[in-house]
Amino acid sequence: MPKRGLAALAITTVALILLLSFKTPDEIPGSTTGTVAVVEPVTGTTIVPGVTAAPTATAAPTASGAPKATATPAPTAASGGTTKVDGPVVETRYGPVQVELVVSGGKIKDVVALQLPSGRRSGQISNYSAPILHDEAVQAQSANIDLVSGATYTSDGYAQSLQAAIDQAGIG
Amino acid sequence: MIASTEASMRRVESIMGTTVSIDVRPPYVGPEVLDAVVAQLRDIDARFSTYRADSEVSRLGCGELRAEDASLDVRHVLAACDHLATVTGGAFDARGHRPNGQLDPSGYVKGWAVEEAAWLIDGAGGRNYWINAGGDIVARGHAEPGRPWRVGIRHPDRADKMASVLAVTDRAVATSGDYERGAHIADARVGRAASGLRSVTVVGPGLAFTDAYATAVFAMGRDGLGWLASNPETAADYAAYSITDDGRAIWTEGMEHYLVREG
């Protein structure tokens, strides 16, 4: 396999990882379905030497969460004209991700997840980092306010609302 | 109790099954601008009402009108509802609200209608005003120079008290809760009544999505706040505050920016 082809493969690998890391947020924490569609055999992708494949817009990282490649890919020889290429370990916001491409006849035959964020089952990369939540007992306040947000009241419910009192004072 | 007695331009109207209040501070706009706001809200209500058999939404629901033949507004609303259903994993679902699965985009329409109507005031030169549609709010500019609007979050058990106060400028504030119309918000994902929370207040840039996210987070229950704070669609621009059914308040890190501490 020519060197440039490998370079293109490496870029493809990074693009796949970017796709992986940005696919996952569609899922809700606690949901039981979490298989990542990308960790499936990708067939028919022709590697054209010299073509510098760039990650597509959908896989483009945002400034704040840009995954960072920390290793260069190294090809692993395999029997039967098939080559395995380990992608770089990419730090995503969910943890390190690494995939392996199985290449035969210049085409990607399979993509295998070698490393997924810890605690996730293979092929399942979905977990939100625990956000900081503040918590304290509810107090009843009588503060200076301009208006009130609350669950939607009916026109009847409005009559009893604090907003009605505010409106009355403002119009009166 | 009321923060400012400064002269302001006020309007209160019964629209969309609730009461809409408007407060404009200098620079004022002509009274005809507020007339136009009210007229536009009534028009949208008529076109999207699920209670009127001749509304576009009703005709869509019964198959009399095809989606591709609907007005631009209706197609926008349906597309936005579908987007929100995807983003929220189905917790906000304009098609799953009702037991019969009937199309009901009203959970999106009210916030969107108010957000759209607010542009009429902007276009007429208004810079400092709020519109409160049954507890869901668009607040632009300031109450007076240098002072953000102070929005009370209603205490779920005390209609005359607040649980907290938010200071906002150029923000939408929406609350979903169980205390006004009963436990009517079902978690569309599992078809059961939402539980664990008494109310959820979301602060965000526009009322249409802010209102929808308040509905979704309330439906998700306690997990909803963590979801809002970490979902890429919402994490940067939206903050949530919730009162739980065991009498506590929990809020996301982003809400710290709005909460008024001294009361």
# chains A, B, ... in the order shown; residues from 1 in each chain; ligands from 1
call {"tool": "closest_atom_pairs", "arguments": {"of": "chain A", "to": "chain B", "cutoff": "6 Å", "atoms": "only C-alpha atoms", "output": "JSON lines"}}
result
{"residue": "A:Pro131", "atom": "CA", "partner": "B:Gly226", "partner_atom": "CA", "distance": 5.7}
{"residue": "A:Ile132", "atom": "CA", "partner": "B:Glu253", "partner_atom": "CA", "distance": 5.9}
{"residue": "A:Leu133", "atom": "CA", "partner": "B:Thr252", "partner_atom": "CA", "distance": 4.9}
{"residue": "A:His134", "atom": "CA", "partner": "B:Trp251", "partner_atom": "CA", "distance": 5.2}
{"residue": "A:Asp135", "atom": "CA", "partner": "B:Ile250", "partner_atom": "CA", "distance": 4.3}
{"residue": "A:Glu136", "atom": "CA", "partner": "B:Ala249", "partner_atom": "CA", "distance": 5.4}
{"residue": "A:Ala137", "atom": "CA", "partner": "B:Arg248", "partner_atom": "CA", "distance": 4.2}
{"residue": "A:Val138", "atom": "CA", "partner": "B:Arg248", "partner_atom": "CA", "distance": 5.0}
{"residue": "A:Gln139", "atom": "CA", "partner": "B:Ala163", "partner_atom": "CA", "distance": 5.5}
{"residue": "A:Ala140", "atom": "CA", "partner": "B:Ala163", "partner_atom": "CA", "distance": 5.1}
{"residue": "A:Gln141", "atom": "CA", "partner": "B:Met162", "partner_atom": "CA", "distance": 4.9}
{"residue": "A:Ser142", "atom": "CA", "partner": "B:Lys161", "partner_atom": "CA", "distance": 5.9}
{"residue": "A:Ala143", "atom": "CA", "partner": "B:Gly263", "partner_atom": "CA", "distance": 5.4}
{"residue": "A:Asn144", "atom": "CA", "partner": "B:Ala3", "partner_atom": "CA", "distance": 4.4}
{"residue": "A:Ile145", "atom": "CA", "partner": "B:Ala3", "partner_atom": "CA", "distance": 4.7}
{"residue": "A:Asp146", "atom": "CA", "partner": "B:Arg150", "partner_atom": "CA", "distance": 5.3}
{"residue": "A:Leu147", "atom": "CA", "partner": "B:Val151", "partner_atom": "CA", "distance": 5.1}
{"residue": "A:Val148", "atom": "CA", "partner": "B:Gly152", "partner_atom": "CA", "distance": 4.6}
{"residue": "A:Ser149", "atom": "CA", "partner": "B:Gly135", "partner_atom": "CA", "distance": 4.2}
{"residue": "A:Gly150", "atom": "CA", "partner": "B:Gly135", "partner_atom": "CA", "distance": 4.6}
{"residue": "A:Ala151", "atom": "CA", "partner": "B:Ser176", "partner_atom": "CA", "distance": 4.7}
{"residue": "A:Thr152", "atom": "CA", "partner": "B:Gly134", "partner_atom": "CA", "distance": 4.7}
{"residue": "A:Tyr153", "atom": "CA", "partner": "B:Gly134", "partner_atom": "CA", "distance": 5.4}
{"residue": "A:Thr154", "atom": "CA", "partner": "B:Thr18", "partner_atom": "CA", "distance": 4.6}
{"residue": "A:Ser155", "atom": "CA", "partner": "B:Thr18", "partner_atom": "CA", "distance": 4.4}
{"residue": "A:Leu162", "atom": "CA", "partner": "B:Asp160", "partner_atom": "CA", "distance": 5.5}
call {"tool": "residues_around", "arguments": {"residues": "B:Trp112", "least_positions_apart": "4", "cutoff": "8 Å", "atoms": "only C-alpha atoms", "output": "list in words"}}
result
Tyr108, Glu116, Leu207, Ala208 and Phe209 of chain B
call {"tool": "atom_distance", "arguments": {"atom1": "atom CA of B:Asp93", "atom2": "atom CA of B:Glu68"}}
result
20.3 Å
call {"tool": "atom_distance", "arguments": {"atom1": "atom CA of B:Pro105", "atom2": "atom CA of B:Asp69"}}
result
17.3 Å
call {"tool": "atom_distance", "arguments": {"atom1": "atom CA of B:Ala117", "atom2": "atom CA of B:Arg171"}}
result
14.9 Å
